[in-house]
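Trainee: As input, take start.cif (mmCIF, C-alpha atoms):
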```cif
data_input
loop_
_atom_site.group_PDB
_atom_site.id
_atom_site.type_symbol
_atom_site.label_atom_id
_atom_site.label_comp_id
_atom_site.auth_asym_id
_atom_site.auth_seq_id
_atom_site.Cartn_x
_atom_site.Cartn_y
_atom_site.Cartn_z
ATOM 1 C CA MET A 1 110.860 128.042 103.828
ATOM 2 C CA THR A 2 109.011 129.482 100.861
ATOM 3 C CA ALA A 3 105.230 129.418 100.621
ATOM 4 C CA ALA A 4 103.479 127.545 97.864
ATOM 5 C CA HIS A 5 102.533 129.540 94.782
ATOM 6 C CA PRO A 6 98.981 130.948 95.217
ATOM 7 C CA SER A 7 97.729 129.139 92.102
ATOM 8 C CA VAL A 8 98.999 125.763 93.301
ATOM 9 C CA SER A 9 96.990 123.595 95.688
ATOM 10 C CA PRO A 10 99.118 122.669 98.718
ATOM 11 C CA SER A 11 100.184 119.058 99.009
ATOM 12 C CA PRO A 12 98.984 117.272 102.189
ATOM 13 C CA THR A 13 101.998 114.974 101.958
ATOM 14 C CA VAL A 14 104.461 117.853 101.739
ATOM 15 C CA GLY A 15 102.747 119.529 104.690
ATOM 16 C CA ALA A 16 102.993 116.353 106.762
ATOM 17 C CA ILE A 17 106.676 115.883 105.915
ATOM 18 C CA ARG A 18 107.479 119.442 106.929
ATOM 19 C CA ARG A 19 105.631 119.155 110.225
ATOM 20 C CA ARG A 20 107.324 115.840 110.939
ATOM 21 C CA GLY A 21 110.741 117.090 109.840
ATOM 22 C CA TYR A 22 111.719 114.069 107.762
ATOM 23 C CA LEU A 23 110.700 112.005 104.737
ATOM 24 C CA ARG A 24 109.530 108.413 105.293
ATOM 25 C CA LEU A 25 111.043 106.336 102.506
ATOM 26 C CA GLY A 26 110.143 102.721 101.721
ATOM 27 C CA VAL A 27 113.155 100.701 100.556
ATOM 28 C CA SER A 28 114.029 97.065 99.902
ATOM 29 C CA THR A 29 115.346 94.709 102.559
ATOM 30 C CA GLY A 30 118.789 94.867 100.987
ATOM 31 C CA ILE A 31 119.868 94.860 97.342
ATOM 32 C CA ARG A 32 123.351 96.135 96.609
ATOM 33 C CA GLY A 33 123.319 99.000 94.143
ATOM 34 C CA LEU A 34 119.705 99.904 94.840
ATOM 35 C CA SER A 35 119.100 99.878 98.584
ATOM 36 C CA TRP A 36 121.467 98.325 101.103
ATOM 37 C CA THR A 37 123.393 99.070 104.282
ATOM 38 C CA ASP A 38 127.190 98.995 104.135
ATOM 39 C CA ALA A 39 129.578 97.713 106.802
ATOM 40 C CA ALA A 40 129.582 101.126 108.475
ATOM 41 C CA GLY A 41 125.806 101.111 108.774
ATOM 42 C CA VAL A 42 125.300 103.707 106.010
ATOM 43 C CA ARG A 43 122.319 103.340 103.674
ATOM 44 C CA ARG A 44 123.377 103.352 100.035
ATOM 45 C CA GLY A 45 121.912 102.759 96.596
ATOM 46 C CA LEU A 46 120.140 104.377 93.674
ATOM 47 C CA ASP A 47 116.756 104.047 95.373
ATOM 48 C CA VAL A 48 118.140 105.431 98.631
ATOM 49 C CA ASP A 49 119.602 108.456 96.848
ATOM 50 C CA THR A 50 116.275 109.051 95.106
ATOM 51 C CA GLY A 51 114.619 109.536 98.479
ATOM 52 C CA ARG A 52 117.510 111.568 99.846
ATOM 53 C CA ALA A 53 117.227 113.942 96.883
ATOM 54 C CA VAL A 54 113.539 114.519 97.596
ATOM 55 C CA ALA A 55 114.253 115.129 101.294
ATOM 56 C CA ALA A 56 116.938 117.649 100.355
ATOM 57 C CA ALA A 57 114.582 119.496 97.997
ATOM 58 C CA LEU A 58 111.910 119.800 100.688
ATOM 59 C CA LEU A 59 113.939 120.207 103.871
ATOM 60 C CA GLY A 60 117.376 121.301 102.671
ATOM 61 C CA ASP A 61 119.083 118.192 104.054
ATOM 62 C CA PRO A 62 119.223 114.720 102.417
ATOM 63 C CA GLY A 63 119.890 113.202 105.814
ATOM 64 C CA ARG A 64 116.376 113.966 106.992
ATOM 65 C CA THR A 65 115.157 110.636 105.671
ATOM 66 C CA GLU A 66 113.717 107.736 107.670
ATOM 67 C CA TYR A 67 113.940 104.306 106.038
ATOM 68 C CA THR A 68 111.351 101.560 106.247
ATOM 69 C CA GLU A 69 112.316 98.196 104.760
ATOM 70 C CA VAL A 70 109.479 96.450 102.944
ATOM 71 C CA ASP A 71 109.250 93.069 101.255
ATOM 72 C CA PRO A 72 108.147 93.083 97.589
ATOM 73 C CA GLU A 73 104.581 91.958 98.288
ATOM 74 C CA ASP A 74 104.207 94.690 100.947
ATOM 75 C CA ARG A 75 105.540 97.585 98.880
ATOM 76 C CA ILE A 76 102.326 99.033 97.476
ATOM 77 C CA PRO A 77 100.214 98.252 100.584
ATOM 78 C CA ALA A 78 102.733 100.125 102.775
ATOM 79 C CA LEU A 79 102.387 103.131 100.519
ATOM 80 C CA ALA A 80 98.603 102.944 100.330
ATOM 81 C CA SER A 81 98.272 102.658 104.117
ATOM 82 C CA GLY A 82 100.305 105.820 104.715
ATOM 83 C CA VAL A 83 103.167 104.081 106.523
ATOM 84 C CA ILE A 84 105.581 105.685 104.039
ATOM 85 C CA ASP A 85 105.496 108.892 101.988
ATOM 86 C CA LEU A 86 107.521 107.624 99.045
ATOM 87 C CA LEU A 87 108.380 104.158 97.767
ATOM 88 C CA ALA A 88 111.758 103.641 96.092
ATOM 89 C CA CYS A 89 112.129 99.884 96.198
ATOM 90 C CA ASN A 90 113.174 98.526 92.751
ATOM 91 C CA ALA A 91 109.499 98.435 91.770
ATOM 92 C CA THR A 92 108.802 97.850 88.082
ATOM 93 C CA TRP A 93 106.249 100.207 86.538
ATOM 94 C CA THR A 94 103.317 98.044 85.435
ATOM 95 C CA PHE A 95 99.688 98.645 84.458
ATOM 96 C CA SER A 96 98.279 96.514 87.264
ATOM 97 C CA ARG A 97 100.379 98.165 89.951
ATOM 98 C CA GLU A 98 99.359 101.646 88.928
ATOM 99 C CA PHE A 99 95.650 100.934 88.476
ATOM 100 C CA GLY A 100 95.142 98.210 91.046
ATOM 101 C CA ALA A 101 96.199 99.748 94.335
ATOM 102 C CA GLY A 102 95.922 103.528 94.362
ATOM 103 C CA ALA A 103 99.546 104.029 93.367
ATOM 104 C CA ALA A 104 101.150 106.395 90.874
ATOM 105 C CA PHE A 105 104.598 105.873 89.403
ATOM 106 C CA VAL A 106 106.435 109.168 89.107
ATOM 107 C CA LEU A 107 109.357 108.676 86.722
ATOM 108 C CA THR A 108 111.679 105.936 85.519
ATOM 109 C CA THR A 109 114.966 106.259 87.389
ATOM 110 C CA CYS A 110 116.430 103.003 86.046
ATOM 111 C CA TYR A 111 115.614 101.361 82.721
ATOM 112 C CA ASP A 112 116.394 97.715 83.365
ATOM 113 C CA GLU A 113 115.759 94.280 81.863
ATOM 114 C CA GLY A 114 115.126 90.847 83.342
ATOM 115 C CA ALA A 115 118.236 88.680 83.694
ATOM 116 C CA ILE A 116 119.059 85.108 84.724
ATOM 117 C CA LEU A 117 122.111 83.940 86.679
ATOM 118 C CA VAL A 118 123.420 80.361 86.306
ATOM 119 C CA ARG A 119 126.527 78.425 87.251
ATOM 120 C CA ARG A 120 129.319 78.626 84.714
ATOM 121 C CA ASP A 121 129.824 74.845 84.803
ATOM 122 C CA SER A 122 126.111 74.028 84.469
ATOM 123 C CA GLY A 123 126.226 73.609 80.694
ATOM 124 C CA ILE A 124 123.525 76.279 80.366
ATOM 125 C CA ALA A 125 124.724 78.857 77.868
ATOM 126 C CA SER A 126 121.464 80.484 76.827
ATOM 127 C CA ALA A 127 117.882 80.820 78.009
ATOM 128 C CA ASP A 128 116.856 78.097 75.571
ATOM 129 C CA ASP A 129 118.903 75.627 77.616
ATOM 130 C CA LEU A 130 116.660 76.243 80.635
ATOM 131 C CA ASP A 131 113.801 74.180 79.181
ATOM 132 C CA GLY A 132 112.622 71.835 81.946
ATOM 133 C CA HIS A 133 114.631 73.571 84.672
ATOM 134 C CA THR A 134 113.537 75.519 87.748
ATOM 135 C CA LEU A 135 114.363 79.162 88.397
ATOM 136 C CA GLY A 136 114.311 80.843 91.802
ATOM 137 C CA MET A 137 112.946 84.343 92.250
ATOM 138 C CA CYS A 138 111.420 86.624 94.838
ATOM 139 C CA GLU A 139 107.669 86.516 95.353
ATOM 140 C CA GLY A 140 105.699 89.712 94.951
ATOM 141 C CA THR A 141 107.718 90.792 91.913
ATOM 142 C CA SER A 142 106.870 90.851 88.212
ATOM 143 C CA SER A 143 109.562 88.271 87.396
ATOM 144 C CA GLU A 144 107.342 85.178 87.291
ATOM 145 C CA GLU A 145 104.817 86.648 84.869
ATOM 146 C CA ALA A 146 107.588 88.125 82.706
ATOM 147 C CA LEU A 147 109.370 84.777 82.446
ATOM 148 C CA ARG A 148 106.218 82.918 81.487
ATOM 149 C CA ALA A 149 105.540 85.547 78.819
ATOM 150 C CA TRP A 150 109.045 85.067 77.417
ATOM 151 C CA PHE A 151 109.403 81.269 77.575
ATOM 152 C CA GLY A 152 105.798 80.276 76.765
ATOM 153 C CA PRO A 153 105.632 81.533 73.150
ATOM 154 C CA ARG A 154 108.941 79.802 72.502
ATOM 155 C CA GLY A 155 107.506 76.430 73.495
ATOM 156 C CA LEU A 156 109.809 76.170 76.518
ATOM 157 C CA THR A 157 108.752 75.025 79.979
ATOM 158 C CA VAL A 158 110.443 76.639 82.948
ATOM 159 C CA ARG A 159 109.210 76.216 86.526
ATOM 160 C CA CYS A 160 109.279 79.260 88.809
ATOM 161 C CA GLU A 161 110.022 78.715 92.495
ATOM 162 C CA LEU A 162 109.066 81.714 94.643
ATOM 163 C CA TYR A 163 110.889 82.807 97.803
ATOM 164 C CA ALA A 164 110.079 85.401 100.446
ATOM 165 C CA SER A 165 113.025 87.679 99.708
ATOM 166 C CA PRO A 166 115.858 88.162 97.203
ATOM 167 C CA ALA A 167 118.249 86.812 99.839
ATOM 168 C CA SER A 168 116.282 83.582 100.311
ATOM 169 C CA ALA A 169 115.978 83.104 96.547
ATOM 170 C CA LEU A 170 119.739 83.558 96.204
ATOM 171 C CA ALA A 171 120.334 81.100 99.076
ATOM 172 C CA ALA A 172 118.219 78.494 97.284
ATOM 173 C CA TYR A 173 120.282 79.024 94.152
ATOM 174 C CA ILE A 174 123.535 78.666 96.114
ATOM 175 C CA ASP A 175 122.258 75.448 97.704
ATOM 176 C CA GLY A 176 121.411 74.002 94.285
ATOM 177 C CA GLU A 177 117.648 73.918 94.835
ATOM 178 C CA VAL A 178 117.140 75.776 91.557
ATOM 179 C CA ALA A 179 119.122 75.928 88.318
ATOM 180 C CA GLY A 180 119.125 79.702 88.062
ATOM 181 C CA TYR A 181 118.346 82.949 89.831
ATOM 182 C CA ALA A 182 116.043 85.369 87.981
ATOM 183 C CA ALA A 183 115.522 89.050 88.765
ATOM 184 C CA ASP A 184 115.979 92.509 87.331
ATOM 185 C CA GLY A 185 119.412 92.939 85.772
ATOM 186 C CA VAL A 186 120.732 95.380 88.354
ATOM 187 C CA VAL A 187 119.474 93.098 91.140
ATOM 188 C CA VAL A 188 121.276 90.126 89.593
ATOM 189 C CA ALA A 189 124.469 92.194 89.292
ATOM 190 C CA GLY A 190 124.310 93.123 92.949
ATOM 191 C CA GLU A 191 123.395 89.661 94.225
ATOM 192 C CA ARG A 192 126.158 88.056 92.175
ATOM 193 C CA THR A 193 128.735 89.971 94.236
ATOM 194 C CA ARG A 194 127.429 88.218 97.371
ATOM 195 C CA LEU A 195 128.486 84.816 96.057
ATOM 196 C CA GLU A 196 131.656 83.218 97.375
ATOM 197 C CA ALA A 197 133.165 82.970 93.873
ATOM 198 C CA PRO A 198 131.267 85.402 91.601
ATOM 199 C CA ASN A 199 133.278 84.415 88.526
ATOM 200 C CA ASP A 200 131.921 80.871 88.803
ATOM 201 C CA HIS A 201 128.527 82.267 87.793
ATOM 202 C CA ILE A 202 127.404 83.930 84.569
ATOM 203 C CA VAL A 203 124.492 86.075 83.459
ATOM 204 C CA LEU A 204 122.820 84.607 80.402
ATOM 205 C CA PRO A 205 122.929 86.838 77.300
ATOM 206 C CA GLU A 206 119.157 87.070 76.860
ATOM 207 C CA ARG A 207 117.196 89.859 78.506
ATOM 208 C CA VAL A 208 113.819 88.314 79.141
ATOM 209 C CA SER A 209 111.705 91.335 80.100
ATOM 210 C CA LEU A 210 111.525 95.111 80.270
ATOM 211 C CA GLU A 211 111.816 96.442 83.818
ATOM 212 C CA PRO A 212 111.415 100.238 84.051
ATOM 213 C CA MET A 213 111.844 101.054 87.731
ATOM 214 C CA GLY A 214 111.090 104.210 89.615
ATOM 215 C CA PRO A 215 109.639 105.794 92.746
ATOM 216 C CA VAL A 216 105.958 105.498 93.587
ATOM 217 C CA VAL A 217 103.513 107.749 95.455
ATOM 218 C CA ARG A 218 99.853 107.456 96.402
ATOM 219 C CA ASP A 219 97.557 108.690 93.665
ATOM 220 C CA ASP A 220 95.470 110.877 95.987
ATOM 221 C CA ASP A 221 97.981 113.749 96.124
ATOM 222 C CA PRO A 222 98.854 114.903 92.583
ATOM 223 C CA GLN A 223 100.845 117.878 93.828
ATOM 224 C CA TRP A 224 103.172 115.520 95.730
ATOM 225 C CA ALA A 225 103.682 113.470 92.580
ATOM 226 C CA LYS A 226 104.670 116.650 90.736
ATOM 227 C CA VAL A 227 107.172 117.606 93.433
ATOM 228 C CA VAL A 228 108.901 114.226 93.345
ATOM 229 C CA ARG A 229 108.905 114.134 89.538
ATOM 230 C CA TRP A 230 110.568 117.516 89.155
ATOM 231 C CA VAL A 231 113.168 116.809 91.818
ATOM 232 C CA LEU A 232 114.198 113.764 89.790
ATOM 233 C CA PHE A 233 114.127 115.779 86.565
ATOM 234 C CA ALA A 234 116.496 118.210 88.279
ATOM 235 C CA LEU A 235 119.030 115.401 88.808
ATOM 236 C CA ILE A 236 119.014 114.682 85.076
ATOM 237 C CA ALA A 237 119.045 118.361 84.087
ATOM 238 C CA ALA A 238 122.019 119.026 86.355
ATOM 239 C CA GLU A 239 124.051 116.279 84.715
ATOM 240 C CA ALA A 240 123.161 117.577 81.257
ATOM 241 C CA ALA A 241 124.204 121.089 82.317
ATOM 242 C CA GLY A 242 127.492 119.834 83.755
ATOM 243 C CA ILE A 243 126.676 120.761 87.358
ATOM 244 C CA THR A 244 128.387 118.463 89.859
ATOM 245 C CA SER A 245 128.227 118.050 93.614
ATOM 246 C CA HIS A 246 131.825 119.278 93.885
ATOM 247 C CA GLN A 247 130.982 122.517 92.076
ATOM 248 C CA VAL A 248 127.986 123.159 94.318
ATOM 249 C CA ARG A 249 129.947 122.507 97.498
ATOM 250 C CA GLU A 250 132.822 124.687 96.280
ATOM 251 C CA GLY A 251 130.437 127.498 95.367
ATOM 252 C CA THR A 252 131.383 127.495 91.678
ATOM 253 C CA ALA A 253 127.964 126.525 90.320
ATOM 254 C CA GLU A 254 126.135 129.769 91.076
ATOM 255 C CA ASP A 255 126.336 131.082 87.506
ATOM 256 C CA PHE A 256 124.557 128.098 85.970
ATOM 257 C CA PRO A 257 121.021 129.118 84.920
ATOM 258 C CA LEU A 258 119.539 126.119 86.741
ATOM 259 C CA VAL A 259 121.099 127.242 90.015
ATOM 260 C CA LYS A 260 120.396 130.924 89.438
ATOM 261 C CA GLY A 261 116.702 130.252 88.929
ATOM 262 C CA GLN A 262 116.164 127.834 91.794
ATOM 263 C CA SER A 263 114.463 130.262 94.185
ATOM 264 C CA ARG A 264 111.844 131.166 91.584
ATOM 265 C CA LEU A 265 111.122 127.503 90.943
ATOM 266 C CA ALA A 266 111.034 126.847 94.685
ATOM 267 C CA ALA A 267 108.369 129.511 95.182
ATOM 268 C CA MET A 268 106.194 127.925 92.484
ATOM 269 C CA ALA A 269 106.419 124.411 93.912
ATOM 270 C CA GLY A 270 106.818 125.036 97.640
ATOM 271 C CA LEU A 271 110.367 123.706 97.821
ATOM 272 C CA HIS A 272 113.381 124.754 99.880
ATOM 273 C CA PRO A 273 114.636 128.128 98.553
ATOM 274 C CA ARG A 274 117.958 126.585 97.494
ATOM 275 C CA TRP A 275 116.595 123.184 96.593
ATOM 276 C CA ILE A 276 118.808 122.595 93.534
ATOM 277 C CA SER A 277 121.932 123.347 95.557
ATOM 278 C CA ALA A 278 120.719 121.145 98.402
ATOM 279 C CA VAL A 279 119.925 118.243 96.080
ATOM 280 C CA ILE A 280 123.040 118.330 93.904
ATOM 281 C CA GLY A 281 125.403 119.343 96.691
ATOM 282 C CA GLY A 282 124.090 116.669 99.029
ATOM 283 C CA VAL A 283 123.356 113.804 96.649
ATOM 284 C CA GLY A 284 124.916 114.616 93.262
ATOM 285 C CA ASN A 285 123.542 114.745 89.740
ATOM 286 C CA TYR A 286 122.035 111.647 88.135
ATOM 287 C CA GLY A 287 125.341 110.565 86.586
ATOM 288 C CA GLU A 288 127.142 110.789 89.923
ATOM 289 C CA ILE A 289 124.397 108.804 91.624
ATOM 290 C CA TYR A 290 124.474 106.101 88.966
ATOM 291 C CA GLU A 291 128.280 105.847 88.942
ATOM 292 C CA ARG A 292 128.722 105.373 92.677
ATOM 293 C CA ASN A 293 125.824 102.929 93.036
ATOM 294 C CA LEU A 294 125.795 100.910 89.804
ATOM 295 C CA GLY A 295 128.760 102.043 87.703
ATOM 296 C CA ASP A 296 132.456 101.192 87.834
ATOM 297 C CA ALA A 297 132.962 103.001 91.160
ATOM 298 C CA SER A 298 130.449 100.652 92.788
ATOM 299 C CA GLY A 299 132.188 97.469 91.689
ATOM 300 C CA LEU A 300 128.990 96.311 89.940
ATOM 301 C CA CYS A 301 130.050 97.832 86.611
ATOM 302 C CA VAL A 302 126.514 97.914 85.185
ATOM 303 C CA PRO A 303 126.733 99.833 81.874
ATOM 304 C CA ARG A 304 124.465 102.862 81.770
ATOM 305 C CA GLY A 305 122.890 101.816 78.474
ATOM 306 C CA TYR A 306 119.360 103.213 78.332
ATOM 307 C CA ASN A 307 120.138 105.141 81.528
ATOM 308 C CA GLU A 308 122.600 107.360 79.712
ATOM 309 C CA LEU A 309 121.640 110.956 78.929
ATOM 310 C CA TRP A 310 119.824 111.520 75.641
ATOM 311 C CA LEU A 311 122.867 113.555 74.632
ATOM 312 C CA ARG A 312 124.817 110.297 74.567
ATOM 313 C CA GLY A 313 122.189 108.005 73.087
ATOM 314 C CA GLY A 314 120.255 107.104 76.242
ATOM 315 C CA LEU A 315 116.697 107.736 77.439
ATOM 316 C CA MET A 316 117.376 110.123 80.332
ATOM 317 C CA TYR A 317 115.808 113.418 79.368
ATOM 318 C CA ALA A 318 114.454 116.288 81.490
ATOM 319 C CA PRO A 319 111.938 118.897 80.305
ATOM 320 C CA PRO A 320 113.105 122.506 80.711
ATOM 321 C CA LEU A 321 113.363 123.784 84.276
ATOM 322 C CA VAL A 322 114.467 127.331 83.434
#
```
Represent the structure contained in this file as structure tokens.
Mentor:
Amino acid sequence: MTAAHPSVSPSPTVGAIRRRGYLRLGVSTGIRGLSWTDAAGVRRGLDVDTGRAVAAALLGDPGRTEYTEVDPEDRIPALASGVIDLLACNATWTFSREFGAGAAFVLTTCYDEGAILVRRDSGIASADDLDGHTLGMCEGTSSEEALRAWFGPRGLTVRCELYASPASALAAYIDGEVAGYAADGVVVAGERTRLEAPNDHIVLPERVSLEPMGPVVRDDDPQWAKVVRWVLFALIAAEAAGITSHQVREGTAEDFPLVKGQSRLAAMAGLHPRWISAVIGGVGNYGEIYERNLGDASGLCVPRGYNELWLRGGLMYAPPLV
């Protein structure tokens, strides 16, 4: 393990993770595409892979990650109390969350928008048709405030019914207690697959809010925030450079400048000497992570849109690492 660069203050969080031997990651209670457990008991999802990438960069092994499931209203408190080291739990980056609870968002890993699911035979074809109806959503999220901000100026009245978890909100929608299910777009895409007949339900065309999501750390350890941020930048940079997990595992990525320079970067930040290889070989680049969790390979088929590389018209852009 390399020592931290003399000019860099050591991170208490990094030190604790190394002594413990694993990263404590806060995740959702189960949202397909973001954080869920498959039939074989394997944790999967974009948020899960975010934490695994950080564990790989620090410890050389993405598997050295312990998962703690947290409900939306408990996300920031769990982080602030020190129960977890890193929160990757489909949390939307908002002013109040960052300034109100000692939290610091690190980077946007998924640019999303608020979406609403309704029954195909309901006669509701647009958000305007929801006037006077009730929508179900999970408490502790930003969905309620976002919906009021969207519908209010349009002179429309929509009642928000809050439930303890995404699963209970979806159950209420299935039982007909509410006319629609509202959540972040990727959450809606994942929850729709849990329905008995997904094609009997549609996502309305309007996107009713901006939902930039990303991992969160406590704001009392700026060096830890830097470590997490640059690990995530490395995922984006690797995709832009054309470095894949297959190439790393096959040993054909060694001539890429990003891989060649990894030990120097590791020494500056206190990372595993071969952190780039560990991250990309064990988790994949950003494009691979997105494809298997949210893209066509996942069955959710969520278009990358804003989450595409800047080279292809998206917002994913990494500052230089070499």
Trainee: Under the rule that only C-alpha atoms are counted, which of A:Ile174, A:Val42, A:Ile243, A:His272 is the nearest residue to Arg192 of chain A?
Mentor: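 Of the candidates, the smallest distance to Arg192 of chain A is held by A:Ile174.
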Trainee: Around (101.2, 105.1, 103.2), as given in the file, which residues come within 12 Å? Count only C-alpha atoms and list them as number ranges by chain.
Mentor: A: 13, 16, 23-26, 68, 70, 74-87, 101-103, 216-221
Trainee: I need the residues from that last selection saved to file as a compact mmCIF listing (two decimals), keeping the file's coordinate frame (with C-alpha atoms), if you can.
Mentor:
```txt
# COMPACT_ATOMS: atom_id res chain seq x y z
CA THR A 13 102.00 114.97 101.96
CA ALA A 16 102.99 116.35 106.76
CA LEU A 23 110.70 112.00 104.74
CA ARG A 24 109.53 108.41 105.29
CA LEU A 25 111.04 106.34 102.51
CA GLY A 26 110.14 102.72 101.72
CA THR A 68 111.35 101.56 106.25
CA VAL A 70 109.48 96.45 102.94
CA ASP A 74 104.21 94.69 100.95
CA ARG A 75 105.54 97.58 98.88
CA ILE A 76 102.33 99.03 97.48
CA PRO A 77 100.21 98.25 100.58
CA ALA A 78 102.73 100.12 102.78
CA LEU A 79 102.39 103.13 100.52
CA ALA A 80 98.60 102.94 100.33
CA SER A 81 98.27 102.66 104.12
CA GLY A 82 100.30 105.82 104.72
CA VAL A 83 103.17 104.08 106.52
CA ILE A 84 105.58 105.68 104.04
CA ASP A 85 105.50 108.89 101.99
CA LEU A 86 107.52 107.62 99.04
CA LEU A 87 108.38 104.16 97.77
CA ALA A 101 96.20 99.75 94.34
CA GLY A 102 95.92 103.53 94.36
CA ALA A 103 99.55 104.03 93.37
CA VAL A 216 105.96 105.50 93.59
CA VAL A 217 103.51 107.75 95.46
CA ARG A 218 99.85 107.46 96.40
CA ASP A 219 97.56 108.69 93.66
CA ASP A 220 95.47 110.88 95.99
CA ASP A 221 97.98 113.75 96.12
```
Trainee: For this file, the PyMOL selection byres ((chain A and resi 245) around 12) selects which residues, as a PyMOL selection string?
Mentor: chain A and resi 235+238-239+242-244+246-253+276-289
Trainee: Could you check the closest approach to Arg148 of chain A for each of A:Ser165, A:Thr193, A:Ser209, A:Thr108 and tell me which residue wins, using all atoms listed in the file?
Mentor: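 Of the candidates, the smallest distance to Arg148 of chain A is held by A:Ser209.
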Trainee: Here's the selection I'm unsure about, the PyMOL selection byres ((chain A and resi 144) around 10); applied to the file above, which residues does it give, as a ChimeraX atom specification?
Mentor: /A:135-143,145-149,159-162,182-183
Trainee: Just how far from atom CA of Pro212 of chain A is atom CA of Val259 of chain A, in Å to one decimal?
Mentor: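 According to the coordinates, atom CA of Val259 of chain A and atom CA of Pro212 of chain A are separated by 29.3 Å.
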Trainee: For atom CA of Pro215 of chain A and atom CA of Val227 of chain A, determine how far apart the two atoms are, in Å to one decimal place.
Mentor: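 Pair atom CA of Pro215 of chain A / atom CA of Val227 of chain A returns 12.1 Å.
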Trainee: What separation in Å, quoted to one decimal, exists between atom CA of Asn293 of chain A and atom CA of Leu232 of chain A?
Mentor: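 Answer for the atom CA of Asn293 of chain A to atom CA of Leu232 of chain A separation: 16.2 Å.
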Trainee: Find, counting all atoms listed in the file, the residue in A:Ala240, A:Val14, A:Ala127, A:Ala164 that gets nearest to Lys226 of chain A.
Mentor: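 Selected residue with least distance to Lys226 of chain A: A:Val14.
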Trainee: Looking at A:Val203, A:Val228, A:Leu271, A:Leu315, which one is nearest to Leu58 of chain A, with distances taken over only C-alpha atoms?
Mentor: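 Of all the options, A:Leu271 lies closest to Leu58 of chain A.
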Trainee: Quick one: apply the PyMOL selection byres ((chain A and resi 301-314) around 10) to the file and drop the selected residues here as a compact mmCIF listing (two decimals) with C-alpha atoms, in the coordinates of the input.
Mentor:
```
# COMPACT_ATOMS: atom_id res chain seq x y z
CA GLY A 33 123.32 99.00 94.14
CA THR A 108 111.68 105.94 85.52
CA THR A 109 114.97 106.26 87.39
CA CYS A 110 116.43 103.00 86.05
CA TYR A 111 115.61 101.36 82.72
CA ASP A 112 116.39 97.72 83.36
CA GLY A 185 119.41 92.94 85.77
CA VAL A 186 120.73 95.38 88.35
CA ALA A 189 124.47 92.19 89.29
CA GLY A 190 124.31 93.12 92.95
CA ILE A 236 119.01 114.68 85.08
CA ALA A 237 119.04 118.36 84.09
CA GLU A 239 124.05 116.28 84.72
CA ALA A 240 123.16 117.58 81.26
CA TYR A 286 122.04 111.65 88.14
CA GLY A 287 125.34 110.56 86.59
CA TYR A 290 124.47 106.10 88.97
CA GLU A 291 128.28 105.85 88.94
CA ARG A 292 128.72 105.37 92.68
CA ASN A 293 125.82 102.93 93.04
CA LEU A 294 125.80 100.91 89.80
CA GLY A 295 128.76 102.04 87.70
CA ASP A 296 132.46 101.19 87.83
CA ALA A 297 132.96 103.00 91.16
CA SER A 298 130.45 100.65 92.79
CA GLY A 299 132.19 97.47 91.69
CA LEU A 300 128.99 96.31 89.94
CA LEU A 315 116.70 107.74 77.44
CA MET A 316 117.38 110.12 80.33
CA TYR A 317 115.81 113.42 79.37
CA ALA A 318 114.45 116.29 81.49
```
Trainee: With 6 Å as the threshold, what does the neighbourhood of (110.2, 96.6, 103.4) contain in terms of residues, counting all atoms listed in the file? Coordinates are those of the file; answer as a list in words.
Mentor: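 Within the cut-off we find Val27, Ser28, Thr29, Thr68, Glu69, Val70 and Asp71 of chain A.
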Trainee: Determine the nearest neighbour of His133 of chain A from the options A:Glu254, A:Asp121, A:Glu177, A:Glu113, counting all atoms listed in the file.
Mentor: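 Comparing A:Glu254, A:Asp121, A:Glu177, A:Glu113 against His133 of chain A, the winner is A:Glu177.
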Trainee: Report, as lines of an AutoDock Vina configuration file, the axis-aligned box around all atoms of segment 113-131 of chain A present in the file, extended by 8 Å on each side; give centre and edge lengths in Å to one decimal place.
Mentor:
```
center_x = 121.8
center_y = 83.9
center_z = 81.4
size_x = 32.0
size_y = 36.7
size_z = 27.7
```
Trainee: Identify which of the residues A:Val48, A:Ile124, A:Ala39, A:Ala57 lies closest to Arg18 of chain A, counting only C-alpha atoms when measuring atom-to-atom distances.
Mentor: A:Ala57
